[in-house]
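The next block is query04.txt, given as compact mmCIF, C-alpha atoms and all ligand atoms.
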```txt
# COMPACT_ATOMS: atom_id res chain seq x y z
CA MET R 100 0.00 0.00 0.00
CA THR R 101 1.39 3.44 -0.94
CA VAL R 102 1.55 5.74 2.04
CA ILE R 103 1.02 9.49 2.17
CA PRO R 104 4.34 10.79 3.57
CA ASN R 105 3.68 13.64 6.06
CA LEU R 106 2.46 12.18 9.36
CA ASN R 107 0.97 15.43 10.58
CA ILE R 108 -1.19 16.06 7.56
CA VAL R 109 -4.33 13.96 7.36
CA PRO R 110 -5.60 13.25 3.86
CA PHE R 111 -9.27 14.17 3.56
CA VAL R 112 -11.45 12.69 0.82
CA SER R 113 -14.43 14.93 0.21
CA VAL R 114 -17.62 13.85 -1.55
CA ASP R 115 -16.32 15.52 -4.72
CA HIS R 116 -13.00 13.67 -4.51
CA MET R 117 -14.74 10.36 -3.74
CA MET R 118 -16.92 10.69 -6.86
CA LYS R 119 -13.87 11.55 -8.99
CA LEU R 120 -11.92 8.65 -7.47
CA VAL R 121 -14.68 6.15 -8.23
CA LEU R 122 -14.95 7.44 -11.80
CA ARG R 123 -11.16 7.57 -12.30
CA VAL R 124 -10.83 3.94 -11.19
CA GLY R 125 -14.05 3.01 -13.03
CA ILE R 126 -17.25 1.99 -11.21
CA ASP R 127 -16.94 -1.71 -12.06
CA THR R 128 -13.23 -1.91 -11.28
CA PHE R 129 -13.81 -0.03 -8.02
CA LEU R 130 -16.56 -2.47 -7.00
CA ARG R 131 -14.51 -5.51 -7.99
CA GLU R 132 -11.34 -4.33 -6.24
CA LEU R 133 -13.31 -3.28 -3.16
CA ALA R 134 -15.06 -6.67 -3.11
CA ASP R 135 -11.64 -8.34 -3.21
CA VAL R 136 -10.47 -6.30 -0.20
CA VAL R 137 -13.72 -7.01 1.69
CA GLU R 138 -13.27 -10.72 0.97
CA GLU R 139 -9.58 -10.62 1.93
CA ASP R 140 -10.54 -9.11 5.30
CA PHE R 141 -13.28 -11.72 5.84
CA ARG R 142 -10.57 -14.34 5.27
CA ARG R 143 -8.56 -12.94 8.17
CA TRP R 144 -11.65 -12.44 10.35
CA GLU R 145 -9.97 -13.74 13.48
CA SER R 146 -7.34 -11.00 13.42
CA PHE R 147 -9.95 -8.25 13.95
CA ASP R 148 -11.22 -6.69 17.19
CA LYS R 149 -14.98 -7.09 16.96
CA THR R 150 -17.90 -5.52 18.77
CA PRO R 151 -21.52 -4.88 17.80
CA ARG R 152 -21.77 -1.28 16.62
CA ILE R 153 -22.56 1.35 19.21
CA ALA R 154 -26.02 2.63 18.44
CA SER R 155 -27.87 5.67 19.73
CA HIS R 156 -31.53 5.19 18.91
CA SER R 157 -34.22 7.85 18.73
CA LYS R 158 -37.84 7.86 17.63
CA GLU R 159 -36.79 8.94 14.13
CA GLY R 160 -33.68 6.86 13.51
CA VAL R 161 -30.28 5.82 14.71
CA ILE R 162 -26.72 7.18 14.87
CA GLU R 163 -24.01 4.54 15.06
CA LEU R 164 -20.28 4.20 15.52
CA MET R 165 -18.63 1.18 13.93
CA PRO R 166 -15.08 0.55 15.15
CA THR R 167 -12.62 -2.26 14.45
CA SER R 168 -8.88 -2.89 14.30
CA ASP R 169 -6.56 -5.51 12.87
CA GLY R 170 -3.78 -4.57 15.30
CA THR R 171 -1.99 -2.41 12.74
CA LEU R 172 -4.77 -0.12 11.55
CA TYR R 173 -7.86 1.09 13.39
CA GLY R 174 -10.99 2.27 11.60
CA PHE R 175 -14.37 3.59 12.52
CA LYS R 176 -17.41 4.86 10.68
CA TYR R 177 -20.02 7.32 11.87
CA VAL R 178 -23.30 6.47 10.18
CA ASN R 179 -26.95 7.39 10.60
CA GLY R 180 -30.14 5.68 9.48
CA HIS R 181 -33.23 7.91 9.32
CA PRO R 182 -35.92 6.51 6.97
CA LYS R 183 -38.03 9.70 7.26
CA ASN R 184 -35.14 11.85 5.94
CA MET R 185 -35.86 10.99 2.32
CA LYS R 186 -39.27 12.71 2.45
CA GLU R 187 -37.53 15.84 3.76
CA GLY R 188 -35.02 15.89 0.91
CA ARG R 189 -32.20 14.32 2.92
CA GLN R 190 -30.37 11.00 2.68
CA THR R 191 -31.60 8.08 4.81
CA VAL R 192 -27.98 7.06 5.36
CA THR R 193 -24.95 9.39 5.60
CA ALA R 194 -21.51 8.52 6.84
CA PHE R 195 -17.90 9.50 7.28
CA GLY R 196 -14.96 7.48 8.53
CA VAL R 197 -11.45 7.53 9.89
CA LEU R 198 -8.51 5.15 9.50
CA SER R 199 -5.68 5.41 12.06
CA ASP R 200 -2.25 4.01 12.80
CA VAL R 201 -2.50 1.72 15.83
CA GLY R 202 1.21 2.32 16.55
CA ASN R 203 0.85 6.02 17.38
CA GLY R 204 -2.90 6.60 17.23
CA TYR R 205 -2.60 9.27 14.56
CA PRO R 206 -5.35 9.37 11.92
CA LEU R 207 -4.17 8.42 8.44
CA LEU R 208 -7.36 9.22 6.57
CA LEU R 209 -10.64 11.08 7.04
CA THR R 210 -13.18 10.45 4.32
CA GLU R 211 -16.76 10.86 3.32
CA MET R 212 -18.47 7.47 3.50
CA THR R 213 -22.00 8.04 2.24
CA ILE R 214 -21.06 7.05 -1.30
CA LEU R 215 -18.43 4.66 0.04
CA THR R 216 -21.02 2.89 2.22
CA ALA R 217 -23.28 2.31 -0.78
CA LEU R 218 -20.28 0.86 -2.65
CA ARG R 219 -19.08 -1.31 0.24
CA THR R 220 -22.59 -2.58 1.00
CA ALA R 221 -23.10 -3.53 -2.63
CA ALA R 222 -19.64 -5.11 -2.85
CA THR R 223 -20.27 -7.12 0.34
CA SER R 224 -23.70 -8.24 -0.91
CA ALA R 225 -22.08 -9.43 -4.13
CA VAL R 226 -19.30 -11.26 -2.26
CA ALA R 227 -21.94 -13.08 -0.18
CA ALA R 228 -23.97 -13.92 -3.29
CA LYS R 229 -20.86 -15.16 -5.09
CA HIS R 230 -20.57 -17.79 -2.36
CA LEU R 231 -24.28 -18.44 -1.77
CA ALA R 232 -26.37 -17.87 -4.91
CA ARG R 233 -26.85 -20.53 -7.56
CA LYS R 234 -24.11 -20.44 -10.17
CA ASN R 235 -25.30 -18.70 -13.32
CA SER R 236 -27.70 -16.45 -11.41
CA ARG R 237 -28.43 -13.69 -13.92
CA SER R 238 -31.67 -12.12 -12.78
CA MET R 239 -32.23 -10.05 -9.64
CA ALA R 240 -35.33 -8.46 -8.15
CA ILE R 241 -34.54 -5.24 -6.31
CA ILE R 242 -37.25 -4.22 -3.86
CA GLY R 243 -36.67 -0.69 -2.63
CA ASN R 244 -35.22 1.52 -5.35
CA GLY R 245 -33.67 4.29 -3.26
CA ALA R 246 -30.10 5.48 -2.80
CA GLN R 247 -28.51 2.02 -2.46
CA SER R 248 -30.30 0.31 -5.33
CA GLU R 249 -28.19 1.17 -8.41
CA PHE R 250 -25.00 0.34 -6.49
CA GLN R 251 -26.43 -3.10 -5.75
CA ALA R 252 -27.29 -3.67 -9.39
CA ARG R 253 -23.86 -2.56 -10.60
CA ALA R 254 -22.01 -4.73 -8.06
CA PHE R 255 -24.06 -7.81 -8.92
CA LYS R 256 -23.37 -7.20 -12.61
CA ALA R 257 -19.64 -6.54 -12.14
CA ILE R 258 -19.06 -9.47 -9.78
CA LEU R 259 -21.69 -12.09 -10.68
CA GLY R 260 -22.74 -11.17 -14.20
CA VAL R 261 -26.35 -10.31 -13.26
CA ASP R 262 -27.83 -8.63 -16.32
CA THR R 263 -31.59 -8.53 -15.62
CA VAL R 264 -33.08 -6.38 -12.89
CA ARG R 265 -36.73 -6.36 -11.89
CA LEU R 266 -37.55 -3.27 -9.88
CA PHE R 267 -40.26 -2.57 -7.35
CA ASP R 268 -40.77 0.32 -4.97
CA ILE R 269 -43.95 1.59 -3.30
CA ASP R 270 -43.05 4.88 -4.93
CA ARG R 271 -42.93 4.25 -8.68
CA SER R 272 -40.85 7.37 -9.24
CA ALA R 273 -38.01 5.69 -7.28
CA SER R 274 -38.12 2.72 -9.69
CA GLU R 275 -38.17 5.10 -12.66
CA LYS R 276 -35.13 6.93 -11.26
CA CYS R 277 -33.33 3.61 -10.76
CA ALA R 278 -34.21 2.42 -14.29
CA ARG R 279 -33.00 5.74 -15.75
CA ASN R 280 -29.72 5.55 -13.83
CA LEU R 281 -29.08 1.98 -15.00
CA ALA R 282 -30.06 2.57 -18.64
CA GLY R 283 -27.43 1.84 -21.28
CA GLN R 284 -25.28 -0.22 -18.91
CA GLY R 285 -26.07 -3.68 -20.26
CA PHE R 286 -29.13 -4.43 -18.11
CA THR R 287 -32.54 -5.66 -19.14
CA ILE R 288 -34.73 -3.63 -16.79
CA GLU R 289 -38.35 -4.14 -15.87
CA ILE R 290 -40.35 -1.93 -13.51
CA CYS R 291 -42.91 -4.07 -11.70
CA ASP R 292 -46.24 -3.21 -10.05
CA SER R 293 -45.74 -5.35 -6.97
CA ALA R 294 -43.03 -7.13 -5.02
CA GLN R 295 -44.77 -10.36 -6.02
CA SER R 296 -44.34 -9.69 -9.74
CA ALA R 297 -40.76 -8.41 -9.26
CA VAL R 298 -39.60 -11.70 -7.74
CA GLU R 299 -41.12 -13.84 -10.51
CA GLY R 300 -38.30 -15.63 -12.30
CA ALA R 301 -35.58 -13.88 -10.29
CA ASP R 302 -32.55 -15.91 -9.15
CA ILE R 303 -31.68 -13.38 -6.47
CA ILE R 304 -33.93 -11.08 -4.44
CA THR R 305 -32.41 -7.97 -2.90
CA THR R 306 -34.58 -6.18 -0.35
CA VAL R 307 -33.28 -2.71 0.34
CA THR R 308 -36.21 -0.72 1.66
CA ALA R 309 -36.19 1.81 4.47
CA ASP R 310 -38.96 1.87 7.02
CA LYS R 311 -38.63 2.03 10.78
CA GLN R 312 -40.91 -0.89 11.53
CA TYR R 313 -41.32 -4.65 11.28
CA ALA R 314 -42.24 -4.55 7.59
CA THR R 315 -43.13 -7.54 5.45
CA ILE R 316 -41.62 -6.85 2.06
CA LEU R 317 -41.54 -10.55 1.22
CA THR R 318 -43.99 -13.20 2.34
CA ASP R 319 -43.30 -16.89 2.36
CA ASN R 320 -45.32 -17.71 -0.78
CA MET R 321 -43.13 -15.31 -2.83
CA VAL R 322 -39.90 -17.23 -2.26
CA GLY R 323 -39.41 -20.28 -4.44
CA PRO R 324 -36.75 -22.99 -4.15
CA GLY R 325 -33.20 -22.10 -5.08
CA ILE R 326 -33.53 -18.37 -4.44
CA HIS R 327 -30.79 -16.35 -2.81
CA ILE R 328 -32.13 -13.48 -0.69
CA ASN R 329 -29.88 -10.51 -0.07
CA ALA R 330 -31.72 -8.76 2.78
CA VAL R 331 -30.07 -5.36 3.20
CA GLY R 332 -32.73 -2.99 4.53
CA GLY R 333 -33.52 -4.62 7.90
CA ASP R 334 -30.60 -3.36 9.95
CA CYS R 335 -31.95 -2.00 13.23
CA PRO R 336 -33.91 -3.27 16.22
CA GLY R 337 -37.58 -3.10 15.21
CA LYS R 338 -36.73 -2.76 11.48
CA THR R 339 -37.06 -5.92 9.40
CA GLU R 340 -38.22 -6.80 5.88
CA LEU R 341 -38.94 -10.52 5.71
CA HIS R 342 -41.80 -12.59 7.04
CA ARG R 343 -40.55 -14.88 9.81
CA ASP R 344 -41.65 -18.00 7.88
CA ILE R 345 -39.09 -17.22 5.17
CA LEU R 346 -36.35 -17.28 7.78
CA LEU R 347 -37.50 -20.69 8.97
CA ARG R 348 -37.23 -22.11 5.42
CA SER R 349 -33.84 -20.55 4.66
CA ASP R 350 -30.25 -21.26 5.53
CA ILE R 351 -29.16 -18.02 7.13
CA PHE R 352 -25.74 -16.42 6.72
CA VAL R 353 -24.64 -13.41 8.74
CA GLU R 354 -21.68 -11.10 9.23
CA TYR R 355 -21.18 -10.96 13.01
CA PRO R 356 -23.86 -12.83 15.02
CA PRO R 357 -23.76 -10.64 18.18
CA GLN R 358 -24.67 -7.61 16.02
CA THR R 359 -27.03 -9.37 13.62
CA ARG R 360 -29.07 -10.94 16.42
CA ILE R 361 -29.83 -7.39 17.61
CA GLU R 362 -30.32 -5.74 14.23
CA GLY R 363 -30.94 -8.25 11.47
CA GLU R 364 -33.90 -10.28 10.25
CA ILE R 365 -32.97 -12.90 12.84
CA GLN R 366 -34.09 -10.57 15.65
CA GLN R 367 -37.42 -12.31 14.91
CA LEU R 368 -35.95 -15.69 15.91
CA PRO R 369 -34.79 -17.17 19.23
CA ALA R 370 -31.34 -15.98 20.33
CA ASP R 371 -29.81 -19.44 19.81
CA TYR R 372 -31.28 -20.05 16.33
CA PRO R 373 -28.50 -21.55 14.18
CA VAL R 374 -26.88 -19.25 11.63
CA THR R 375 -23.63 -19.50 9.67
CA GLU R 376 -21.00 -16.78 9.67
CA LEU R 377 -20.09 -15.61 6.18
CA TRP R 378 -16.35 -15.61 6.91
CA GLN R 379 -16.53 -19.34 7.63
CA VAL R 380 -18.06 -19.98 4.21
CA ILE R 381 -15.46 -17.77 2.53
CA THR R 382 -12.61 -19.62 4.28
CA GLY R 383 -14.17 -23.03 3.47
CA GLN R 384 -14.75 -23.98 7.14
CA LYS R 385 -18.52 -24.18 6.66
CA GLN R 386 -20.67 -25.02 3.68
CA GLY R 387 -22.55 -22.32 1.81
CA ARG R 388 -25.07 -23.46 -0.78
CA VAL R 389 -25.30 -27.26 -0.94
CA ASN R 390 -27.93 -27.72 -3.64
CA ASP R 391 -29.98 -25.84 -6.22
CA ARG R 392 -33.26 -26.01 -4.27
CA GLN R 393 -31.95 -24.54 -1.04
CA ILE R 394 -33.00 -21.01 -0.08
CA THR R 395 -30.00 -19.02 1.09
CA LEU R 396 -30.42 -15.77 2.99
CA PHE R 397 -27.70 -13.22 3.57
CA ASP R 398 -29.06 -11.29 6.56
CA SER R 399 -26.92 -8.21 5.95
CA VAL R 400 -26.69 -5.44 8.52
CA GLY R 401 -23.29 -4.03 7.58
CA PHE R 402 -20.28 -4.72 9.79
CA ALA R 403 -17.27 -2.61 10.81
CA THR R 404 -14.71 -4.78 8.99
CA GLU R 405 -16.42 -3.93 5.68
CA ASP R 406 -15.91 -0.23 6.39
CA PHE R 407 -12.34 -0.94 7.45
CA SER R 408 -11.79 -2.69 4.11
CA ALA R 409 -13.30 0.28 2.29
CA LEU R 410 -11.14 2.74 4.22
CA ARG R 411 -7.92 0.89 3.51
CA TYR R 412 -8.88 0.42 -0.14
CA VAL R 413 -9.54 4.15 -0.57
CA ARG R 414 -6.28 5.00 1.20
CA SER R 415 -4.38 2.74 -1.20
CA LYS R 416 -5.64 4.85 -4.12
CA LEU R 417 -4.72 8.30 -2.82
CA ALA R 418 -1.02 8.68 -3.54
CA ALA R 419 -1.42 7.69 -7.19
CA THR R 420 -4.51 9.80 -7.87
CA GLY R 421 -3.92 12.82 -5.62
CA LEU R 422 -7.69 12.94 -5.08
CA TYR R 423 -7.61 14.29 -1.52
CA THR R 424 -6.93 17.50 0.33
CA GLU R 425 -4.49 17.90 3.17
CA LEU R 426 -6.25 18.52 6.44
CA ASP R 427 -4.66 20.42 9.29
CA LEU R 428 -6.35 18.13 11.83
CA LEU R 429 -3.60 17.33 14.31
CA ALA R 430 -2.14 19.84 16.75
CA ASP R 431 1.44 18.62 16.74
CA PRO R 432 4.08 21.13 17.96
CA ASP R 433 7.75 20.36 17.24
CA GLU R 434 8.30 20.02 20.99
CA PRO R 435 5.46 17.65 21.93
CA ARG R 436 5.00 19.05 25.44
CA ASP R 437 4.77 22.63 24.19
CA LEU R 438 1.14 22.54 23.08
CA PHE R 439 0.34 25.72 25.01
CA GLY R 440 3.44 27.41 23.56
CA MET R 441 2.06 26.73 20.11
CA LEU R 442 -1.09 28.64 21.08
CA LEU R 443 1.03 31.55 22.38
CA ARG R 444 3.07 31.64 19.15
CA CYS R 445 -0.18 31.81 17.19
CA GLU R 446 -1.35 34.68 19.41
CA ALA R 447 1.94 36.49 18.81
CA ALA R 448 1.65 35.98 15.06
CA LEU R 449 -1.88 37.40 15.07
CA ALA R 450 -0.97 40.45 17.12
P1 LIG A 501 -33.72 5.28 0.65
O1 LIG A 501 -34.59 5.98 1.65
O2 LIG A 501 -32.94 6.08 -0.30
O3 LIG A 501 -34.61 4.23 -0.20
C1 LIG A 501 -35.49 3.33 0.38
C2 LIG A 501 -36.58 3.02 -0.64
O4 LIG A 501 -37.41 1.98 -0.08
C3 LIG A 501 -37.49 4.19 -0.95
O5 LIG A 501 -37.49 4.45 -2.34
C4 LIG A 501 -38.87 3.75 -0.44
O6 LIG A 501 -39.93 4.24 -1.23
C5 LIG A 501 -38.75 2.24 -0.54
N1 LIG A 501 -39.67 1.48 0.30
C6 LIG A 501 -40.04 1.72 1.59
N2 LIG A 501 -40.92 0.78 2.00
C7 LIG A 501 -41.12 -0.05 0.94
C8 LIG A 501 -41.91 -1.22 0.75
N3 LIG A 501 -42.69 -1.68 1.71
N4 LIG A 501 -41.86 -1.84 -0.45
C9 LIG A 501 -41.06 -1.36 -1.46
N5 LIG A 501 -40.29 -0.25 -1.33
C10 LIG A 501 -40.32 0.39 -0.14
O7 LIG A 501 -32.76 4.33 1.54
P2 LIG A 501 -31.38 3.65 1.11
O8 LIG A 501 -30.22 4.55 1.40
O9 LIG A 501 -31.50 3.07 -0.27
O10 LIG A 501 -31.30 2.49 2.18
C11 LIG A 501 -32.22 1.43 2.15
C12 LIG A 501 -32.09 0.59 3.40
O11 LIG A 501 -30.82 -0.08 3.41
C13 LIG A 501 -32.13 1.39 4.70
O12 LIG A 501 -32.98 0.73 5.60
C14 LIG A 501 -30.71 1.38 5.20
O13 LIG A 501 -30.63 1.48 6.61
C15 LIG A 501 -30.24 0.03 4.69
N6 LIG A 501 -28.79 -0.09 4.54
C16 LIG A 501 -28.22 -1.25 4.94
C17 LIG A 501 -26.86 -1.44 4.78
C18 LIG A 501 -26.23 -2.74 5.17
O14 LIG A 501 -25.01 -2.85 5.18
N7 LIG A 501 -27.01 -3.76 5.41
C19 LIG A 501 -26.06 -0.41 4.25
C20 LIG A 501 -26.68 0.75 3.81
C21 LIG A 501 -28.06 0.90 3.96
```
Would you mind writing the structure in this file as structure tokens?
Ligand code: NAD
Amino acid sequence: MTVIPNLNIVPFVSVDHMMKLVLRVGIDTFLRELADVVEEDFRRWESFDKTPRIASHSKEGVIELMPTSDGTLYGFKYVNGHPKNMKEGRQTVTAFGVLSDVGNGYPLLLTEMTILTALRTAATSAVAAKHLARKNSRSMAIIGNGAQSEFQARAFKAILGVDTVRLFDIDRSASEKCARNLAGQGFTIEICDSAQSAVEGADIITTVTADKQYATILTDNMVGPGIHINAVGGDCPGKTELHRDILLRSDIFVEYPPQTRIEGEIQQLPADYPVTELWQVITGQKQGRVNDRQITLFDSVGFATEDFSALRYVRSKLAATGLYTELDLLADPDEPRDLFGMLLRCEAALA
């Protein structure tokens, strides 16, 4: 990994720089490379410090901190989830993150993570599906056509070769926006009138709706044999998307059980209900899909290691692209104990 030289200057990746970085690298290449880094970090799962994210809930939403470390680098993401925001012209999910050097605690990167979260969530979904969906899955229903949806479609195309998307949203204008944004990119796109018709003939179902309640986006009768469900939107206590009966018919794969049992679809099930950790499938310790009739469910909530992977991937791109600004974030006088003297010298310079 190329390193930015000056320890006291923290590279800052703004929204504008993040967009330019993604486009410079290329959306598909970015998603593929990011998916590789996410997968690489799942492979070394045991080397990470892990804790369920620290959530501050309110009536309207949640604000969360997501920390982890591999002993060399430390990362955290600040992220919110406020389903009502969209109606007020704001994002449901916004985020920023920091990567630091464990050796001295100094930050190495501060970056926007709203766009990066959409990319890492889509890349992680595609990594899970690569291991769990039927081979040759080409068609995906996307239920919930908001901010995350196009990223999901692009990642599934770049990583699995999905080329047909069937869209449904309770707000048709969201599906029309999604279809417009995906036009001319090699997809066959159909806007559907119901979730039921969207899932017809789909190999994969992605649910990525936002509603702060126990919603039932999919009922049991809608899920046929062999389907892979990528359940992204249920990611908070009291916020789920799938009918409980679907869970009982599926083999369930999760990121980090202590967090998913609080936040995921499996909050509907007893605390000891058996689930498989995705990292164990990726490392070959546990089986993923065993036959073509099995229903596999990736109960995604988003875990700190995925943000860590995204942070270290972005950092690896900075020196070569220069797509960052230098942030004067750290008060670091030449004589470390003379912090107050630094303030006095500033006062003198201003006088
Ligand atoms: P968004 O508000 O931009 O879009 C959500 C869409 O869902 C809207 O278009 C809305 O009309 C639609 N919707 C709501 N209820 C519906 C229903 N019953 N049927 C069909 N459509 C419905 O939100 P977003 O940024 O796209 O995020 C979507 C969800 O994904 C959120 O709940 C968010 O918390 C979650 N999320 C999860 C992860 C993860 O890692 N698992 C990461 C990012 C976001």
For this session: Quick one: everything within 10 Å of Thr306 in chain R, counting all atoms listed in the file, minus sequence neighbours fewer than 3 positions away in the same chain. Send it as a PyMOL selection string.
Result: chain R and resi 240-244+248+267+294+303+309+316-317+328-333+340-341
Problem set entry | Distance in Å - atom O1 of ligand LIG 501 (chain A) versus CA of His181 in chain R |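 One can read the atom O1 of ligand LIG 501 (chain A) to CA of His181 in chain R distance as 8.0 Å.
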Exercise. Of the residues R:Gln386, R:Thr193, R:Gln379, R:Ser399, which is the one nearest to ligand LIG 501 (chain A), using all atoms listed in the file?
Worked result: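 Distance minimum relative to ligand LIG 501 (chain A) lands on R:Ser399.
Of note, CA of Glu275 in chain R and atom O10 of ligand LIG 501 (chain A) are spaced 16.6 Å apart.
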Problem set entry | Exercise: Ile214 in chain R partners within 12 Å, all atoms listed in the file, chain neighbours under 5 positions left out, as a PyMOL selection string | chain R and resi 112-121+126+130+178+190+192-196+219-221+246-247+249-250+406+409+413
Exercise. Of the residues R:Gly202, R:Gly401, R:Gly337, R:Gly260, which is the one nearest to ligand LIG 501 (chain A), using all atoms listed in the file?
Worked result: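 That would be R:Gly401, the residue with the smallest distance to ligand LIG 501 (chain A).
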Problem set entry | 9 Å contact set for Phe141 in chain R, all atoms listed in the file, chain neighbours under 5 positions out, as a PyMOL selection string | chain R and resi 136+377-379+381-382+404-405
